[in-house]
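Novice: File work_23.pdb below, PDB, C-alpha atoms:
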ATOM      1  CA  MET A  40       0.000   0.000   0.000
ATOM      2  CA  SER A  41       1.305   3.440  -0.956
ATOM      3  CA  THR A  42       2.366   5.703   1.888
ATOM      4  CA  LYS A  43       2.688   8.804  -0.285
ATOM      5  CA  PRO A  44       0.661  11.670   1.175
ATOM      6  CA  PHE A  45      -1.822  13.607  -0.913
ATOM      7  CA  VAL A  46       0.216  16.694  -1.782
ATOM      8  CA  ILE A  47      -1.600  19.984  -2.403
ATOM      9  CA  VAL A  48       0.185  23.111  -3.644
ATOM     10  CA  VAL A  49      -1.653  26.422  -3.360
ATOM     11  CA  GLY A  50      -0.530  29.771  -4.750
ATOM     12  CA  LEU A  51      -0.952  32.811  -2.513
ATOM     13  CA  ASP A  52      -0.536  36.510  -3.339
ATOM     14  CA  TYR A  53      -2.649  37.852  -0.438
ATOM     15  CA  SER A  54      -5.452  38.900  -2.776
ATOM     16  CA  GLU A  55      -9.052  38.043  -1.969
ATOM     17  CA  HIS A  56      -9.283  35.356  -4.631
ATOM     18  CA  SER A  57      -6.076  33.653  -3.454
ATOM     19  CA  GLU A  58      -7.410  33.720   0.115
ATOM     20  CA  ASP A  59     -10.445  31.820  -1.180
ATOM     21  CA  ALA A  60      -8.068  29.314  -2.788
ATOM     22  CA  LEU A  61      -6.221  28.883   0.505
ATOM     23  CA  THR A  62      -9.461  28.215   2.382
ATOM     24  CA  ARG A  63     -10.507  25.706  -0.278
ATOM     25  CA  SER A  64      -7.148  23.950   0.004
ATOM     26  CA  PHE A  65      -7.672  23.687   3.779
ATOM     27  CA  GLU A  66     -11.037  22.045   3.152
ATOM     28  CA  LEU A  67      -9.554  19.557   0.691
ATOM     29  CA  ALA A  68      -6.588  18.727   2.922
ATOM     30  CA  SER A  69      -8.873  18.158   5.909
ATOM     31  CA  ARG A  70     -10.730  15.455   3.979
ATOM     32  CA  GLU A  71      -7.602  13.398   3.339
ATOM     33  CA  ALA A  72      -6.273  10.968   5.924
ATOM     34  CA  ALA A  73      -2.690  11.837   4.934
ATOM     35  CA  ALA A  74      -2.255  15.197   3.245
ATOM     36  CA  GLU A  75       0.536  17.718   2.899
ATOM     37  CA  LEU A  76      -0.270  21.342   2.172
ATOM     38  CA  HIS A  77       2.376  23.536   0.554
ATOM     39  CA  VAL A  78       1.608  27.262   0.279
ATOM     40  CA  ILE A  79       3.786  29.273  -2.099
ATOM     41  CA  SER A  80       4.262  33.014  -2.475
ATOM     42  CA  VAL A  81       6.204  33.970  -5.608
ATOM     43  CA  LEU A  82       8.275  37.159  -5.602
ATOM     44  CA  PRO A  83       9.537  38.931  -8.751
ATOM     45  CA  ALA A  84      12.414  37.000 -10.296
ATOM     46  CA  ARG A  85      15.914  37.765  -8.955
ATOM     47  CA  ASP A  86      19.261  36.121  -9.680
ATOM     48  CA  LEU A  87      20.289  34.961  -6.212
ATOM     49  CA  ALA A  88      23.515  33.499  -7.604
ATOM     50  CA  GLN A  89      24.943  36.827  -8.731
ATOM     51  CA  PRO A  90      27.982  38.123  -6.791
ATOM     52  CA  ASN A  91      27.697  41.026  -4.347
ATOM     53  CA  LEU A  92      23.975  40.508  -3.944
ATOM     54  CA  PRO A  93      22.511  43.388  -1.890
ATOM     55  CA  LYS A  94      21.649  42.380   1.658
ATOM     56  CA  SER A  95      18.265  44.028   1.180
ATOM     57  CA  VAL A  96      17.293  41.261  -1.250
ATOM     58  CA  LEU A  97      18.042  38.530   1.276
ATOM     59  CA  LEU A  98      16.214  40.543   3.898
ATOM     60  CA  ASP A  99      13.194  40.735   1.601
ATOM     61  CA  VAL A 100      13.173  36.938   1.412
ATOM     62  CA  GLU A 101      13.330  36.550   5.185
ATOM     63  CA  VAL A 102      10.579  39.102   5.753
ATOM     64  CA  ALA A 103       8.380  37.504   3.088
ATOM     65  CA  ALA A 104       8.943  34.036   4.563
ATOM     66  CA  VAL A 105       8.010  35.117   8.091
ATOM     67  CA  GLN A 106       4.977  37.009   6.798
ATOM     68  CA  LEU A 107       3.783  33.991   4.842
ATOM     69  CA  GLN A 108       4.320  31.569   7.704
ATOM     70  CA  ARG A 109       2.400  33.751  10.148
ATOM     71  CA  TYR A 110      -0.392  34.376   7.686
ATOM     72  CA  VAL A 111      -0.882  30.699   6.857
ATOM     73  CA  ALA A 112      -0.769  29.757  10.543
ATOM     74  CA  SER A 113      -3.433  32.346  11.417
ATOM     75  CA  ARG A 114      -5.692  31.277   8.549
ATOM     76  CA  TRP A 115      -5.314  27.607   9.472
ATOM     77  CA  ALA A 116      -6.154  28.387  13.107
ATOM     78  CA  ALA A 117      -9.293  30.248  11.985
ATOM     79  CA  PHE A 118     -10.278  27.330   9.751
ATOM     80  CA  THR A 119      -9.859  24.747  12.506
ATOM     81  CA  ARG A 120     -12.021  26.852  14.838
ATOM     82  CA  SER A 121     -14.820  26.807  12.264
ATOM     83  CA  VAL A 122     -14.669  23.064  11.537
ATOM     84  CA  PRO A 123     -15.110  20.538  14.391
ATOM     85  CA  GLU A 124     -12.095  18.288  14.927
ATOM     86  CA  GLU A 125     -14.187  15.129  14.692
ATOM     87  CA  VAL A 126     -15.121  15.839  11.057
ATOM     88  CA  ARG A 127     -11.699  16.782   9.708
ATOM     89  CA  HIS A 128      -8.179  15.451   9.394
ATOM     90  CA  SER A 129      -5.125  17.563  10.133
ATOM     91  CA  PRO A 130      -2.465  17.614   7.387
ATOM     92  CA  LYS A 131       0.748  15.754   8.120
ATOM     93  CA  ARG A 132       2.457  19.087   7.627
ATOM     94  CA  VAL A 133       1.785  22.573   6.309
ATOM     95  CA  VAL A 134       4.808  24.166   4.630
ATOM     96  CA  SER A 135       5.298  27.761   3.465
ATOM     97  CA  HIS A 136       7.502  28.479   0.436
ATOM     98  CA  VAL A 137       8.865  31.748  -0.960
ATOM     99  CA  ARG A 138      10.415  31.730  -4.439
ATOM    100  CA  PHE A 139      11.748  34.252  -6.938
ATOM    101  CA  ASP A 140      10.149  33.555 -10.303
ATOM    102  CA  ARG A 141       7.215  34.372 -12.521
ATOM    103  CA  PRO A 142       4.062  33.550 -10.521
ATOM    104  CA  ALA A 143       2.725  30.701 -12.669
ATOM    105  CA  LYS A 144       6.184  29.245 -13.280
ATOM    106  CA  GLY A 145       7.025  29.295  -9.569
ATOM    107  CA  ILE A 146       3.791  27.547  -8.617
ATOM    108  CA  VAL A 147       4.095  24.904 -11.322
ATOM    109  CA  GLN A 148       7.771  24.257 -10.592
ATOM    110  CA  LEU A 149       7.080  23.671  -6.902
ATOM    111  CA  ALA A 150       4.262  21.287  -7.824
ATOM    112  CA  SER A 151       6.680  19.405 -10.074
ATOM    113  CA  ASP A 152       9.410  19.359  -7.411
ATOM    114  CA  LEU A 153       6.999  17.865  -4.884
ATOM    115  CA  ASN A 154       5.235  15.511  -7.314
ATOM    116  CA  ALA A 155       2.013  17.219  -6.224
ATOM    117  CA  ASP A 156      -1.380  15.614  -6.619
ATOM    118  CA  LEU A 157      -3.268  18.898  -6.923
ATOM    119  CA  VAL A 158      -2.599  22.606  -7.461
ATOM    120  CA  VAL A 159      -5.115  25.153  -6.141
ATOM    121  CA  VAL A 160      -5.109  28.723  -7.448
ATOM    122  CA  GLY A 161      -7.524  31.615  -7.256
ATOM    123  CA  SER A 162      -8.981  33.509 -10.183
ATOM    124  CA  HIS A 163     -10.119  37.127 -10.082
ATOM    125  CA  GLY A 164     -12.702  36.470 -12.790
ATOM    126  CA  ARG A 165     -11.692  39.513 -14.856
ATOM    127  CA  GLN A 166     -12.774  39.564 -18.465
ATOM    128  CA  GLY A 167     -12.174  41.580 -21.617
ATOM    129  CA  LEU A 168      -9.437  44.195 -21.825
ATOM    130  CA  THR A 169      -8.475  43.969 -18.130
ATOM    131  CA  ARG A 170      -7.776  40.248 -18.463
ATOM    132  CA  LEU A 171      -5.863  40.794 -21.724
ATOM    133  CA  LEU A 172      -3.594  43.421 -20.142
ATOM    134  CA  LEU A 173      -2.974  41.677 -16.812
ATOM    135  CA  GLY A 174      -2.898  38.121 -18.047
ATOM    136  CA  SER A 175      -4.141  35.200 -15.991
ATOM    137  CA  VAL A 176      -1.855  33.278 -13.637
ATOM    138  CA  SER A 177      -4.553  30.651 -13.175
ATOM    139  CA  GLU A 178      -4.808  29.979 -16.908
ATOM    140  CA  GLN A 179      -1.018  29.711 -17.212
ATOM    141  CA  VAL A 180      -0.960  27.238 -14.323
ATOM    142  CA  LEU A 181      -3.712  25.225 -16.010
ATOM    143  CA  ARG A 182      -1.663  25.087 -19.184
ATOM    144  CA  LEU A 183       1.701  24.258 -17.590
ATOM    145  CA  ALA A 184       0.938  22.002 -14.611
ATOM    146  CA  ALA A 185       1.508  18.265 -14.880
ATOM    147  CA  CYS A 186      -1.171  17.475 -12.282
ATOM    148  CA  PRO A 187      -4.846  18.414 -11.835
ATOM    149  CA  VAL A 188      -5.520  22.102 -11.137
ATOM    150  CA  LEU A 189      -8.446  23.527  -9.200
ATOM    151  CA  VAL A 190      -9.239  27.154 -10.032
ATOM    152  CA  VAL A 191     -11.285  28.837  -7.298
ATOM    153  CA  ARG A 192     -13.441  31.699  -8.533
ATOM    154  CA  PRO A 193     -15.783  33.874  -6.452
ATOM    155  CA  LYS A 194     -19.442  32.977  -6.958
ATOM    156  CA  SER A 195     -20.085  36.643  -7.707
ATOM    157  CA  ALA A 196     -17.687  36.596 -10.676
ATOM    158  CA  PRO A 197     -19.344  37.422 -14.010
ATOM    159  CA  ALA A 198     -20.257  34.536 -16.285
ATOM    160  CA  ARG A 199     -17.719  33.731 -18.976
ATOM    161  CA  ASP A 200     -20.492  33.627 -21.560
ATOM    162  CA  PRO A 201     -22.889  36.604 -21.401
ATOM    163  CA  ALA A 202     -25.560  34.352 -22.938
ATOM    164  CA  LEU A 203     -25.620  32.134 -19.834
ATOM    165  CA  GLU A 204     -28.817  32.455 -17.855
ATOM    166  CA  PRO A 205     -28.558  32.921 -14.074
ATOM    167  CA  ALA A 206     -29.905  30.195 -11.805
ATOM    168  CA  CYS A 207     -33.689  30.278 -11.564
ATOM    169  CA  GLU A 208     -34.926  31.092  -8.047
ATOM    170  CA  ARG A 209     -38.094  29.038  -8.586
ATOM    171  CA  CYS A 210     -36.015  26.002  -9.581
ATOM    172  CA  GLN A 211     -33.854  26.399  -6.490
ATOM    173  CA  ALA A 212     -36.979  26.576  -4.328
ATOM    174  CA  ALA A 213     -38.315  23.407  -5.968
ATOM    175  CA  ARG A 214     -35.095  21.545  -5.125
ATOM    176  CA  ARG A 215     -35.596  22.324  -1.446
ATOM    177  CA  GLN A 216     -38.966  20.575  -1.413
ATOM    178  CA  PRO A 217     -39.420  16.937  -0.284
ATOM    179  CA  ALA A 218     -40.464  15.906  -3.807
ATOM    180  CA  LEU A 219     -36.842  16.413  -4.960
ATOM    181  CA  GLU A 220     -37.840  18.175  -8.159
ATOM    182  CA  LEU A 221     -34.952  19.623 -10.184
ATOM    183  CA  TRP A 222     -36.895  22.254 -12.093
ATOM    184  CA  CYS A 223     -39.806  24.625 -11.693
ATOM    185  CA  GLU A 224     -42.806  24.022 -13.960
ATOM    186  CA  GLU A 225     -41.535  26.407 -16.650
ATOM    187  CA  HIS A 226     -38.036  24.951 -16.802
ATOM    188  CA  ARG A 227     -39.262  21.357 -16.486
ATOM    189  CA  LYS A 228     -40.796  21.703 -19.926
ATOM    190  CA  LYS A 229     -37.754  23.504 -21.304
ATOM    191  CA  GLN A 230     -35.173  21.085 -19.874
ATOM    192  CA  GLY A 231     -37.168  18.084 -20.997
ATOM    193  CA  ALA A 232     -36.824  19.313 -24.550
ATOM    194  CA  LEU A 233     -33.096  20.033 -24.233
ATOM    195  CA  HIS A 234     -31.659  16.960 -22.561
ATOM    196  CA  VAL A 235     -32.371  13.633 -20.913
ATOM    197  CA  TYR A 236     -31.244  12.927 -17.350
ATOM    198  CA  HIS A 237     -31.528  10.103 -14.843
ATOM    199  CA  GLN A 238     -32.218  10.991 -11.224
ATOM    200  CA  HIS A 239     -31.074   8.506  -8.589
ATOM    201  CA  ASP A 240     -33.262   9.036  -5.552
ATOM    202  CA  GLU A 241     -31.300   7.253  -2.834
ATOM    203  CA  ALA A 242     -33.795   8.041  -0.060
ATOM    204  CA  ALA A 243     -36.713   6.605  -2.020
ATOM    205  CA  GLU A 244     -34.697   3.535  -2.979
ATOM    206  CA  LEU A 245     -33.772   2.825   0.653
ATOM    207  CA  ALA A 246     -37.371   3.259   1.716
ATOM    208  CA  MET A 247     -38.475   0.778  -0.939
ATOM    209  CA  LEU A 248     -35.884  -1.785   0.191
ATOM    210  CA  ALA A 249     -36.998  -1.397   3.793
ATOM    211  CA  SER A 250     -40.658  -1.947   2.876
ATOM    212  CA  PRO A 251     -42.135  -5.297   4.049
ATOM    213  CA  HIS A 252     -43.542  -5.742   0.536
ATOM    214  CA  ALA A 253     -40.075  -5.510  -1.051
ATOM    215  CA  SER A 254     -39.108  -8.693  -2.891
ATOM    216  CA  GLY A 255     -36.138 -10.748  -1.822
TER
END
Now, as a test, write the supplied structure out as structure tokens.
Specialist:
Amino acid sequence: MSTKPFVIVVGLDYSEHSEDALTRSFELASREAAAELHVISVLPARDLAQPNLPKSVLLDVEVAAVQLQRYVASRWAAFTRSVPEEVRHSPKRVVSHVRFDRPAKGIVQLASDLNADLVVVGSHGRQGLTRLLLGSVSEQVLRLAACPVLVVRPKSAPARDPALEPACERCQAARRQPALELWCEEHRKKQGALHVYHQHDEAAELAMLASPHASG
């Protein structure tokens, strides 16, 4: 039996969307019996091998490392307070990393170095000209990583396709009813024309099996 832990690498730049990615990585790690969580903050590329390197550069690394370690520790403590111990696992270790590189390259390289099972990154959800000018670290990570990548986007982010309809409030209300309907009356007709689906009603199936009239 393999003893390799489930290794998760998460990129952090202290933005709101990367904080969401960190929280999501905590949730995923807490579900694994043996997980390692590696949080990386990537600083602008510097040549650390060059002679006469200014001491300020090395100081920047130390300050960034301490900042990251304290931040991750505080966020993990807040997460553990919100999730009961009996329903979560604690990672075998949580490690903070600071690297000089391009953000996507630094994240992907660490994932490769650690033979990671999953990379988690946040996405700001920007579209159009803003996205074109700033680029997307998450999309570069998706393209370069050798392992699965989870991109965490805020639920309030705009839809990628303007033609997408928002979730129907009446359908959501129907799903909360005991009948386990998926759609409201209007969308039941529309969805029936668009696709076929099979609904596995586990509760009803168990009730049928428990019935004294059940065969067997």
Novice: For this file, the PyMOL selection byres ((chain A and resi 80-84) around 7) selects which residues, as a PyMOL selection string?
Specialist: chain A and resi 50-52+78-79+85-86+136-142+145
Novice: Please compute the CA of Ala112 in chain A-CA of Ala155 in chain A distance, one decimal, in Å.
Specialist: 21.1 Å
Novice: Go through A:Gly161, A:Pro217, A:Pro130, A:Pro205 one by one, measure the shortest atom-to-atom distance of each to Arg192 in chain A using all atoms listed in the file, and give the residue with the smallest value.
Specialist: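 Distance minimum relative to Arg192 in chain A lands on A:Gly161.
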Novice: For Lys131 in chain A, work out the shell of residues within 7 Å, counting all atoms listed in the file and skipping chain neighbours fewer than 6 positions away, then give it as a ChimeraX atom specification.
Specialist: /A:73-75
Novice: Spell out the residues picked by the PyMOL selection byres ((chain A and resi 222) around 10) here, as a PyMOL selection string.
Specialist: chain A and resi 207-214+219-221+223-231
Novice: Which residue gives the smallest distance to Ile47 in chain A among A:Glu66, A:Asp156, A:Glu178, A:Glu125, with only C-alpha atoms counted?
Specialist: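 The closest residue to Ile47 in chain A is A:Asp156.
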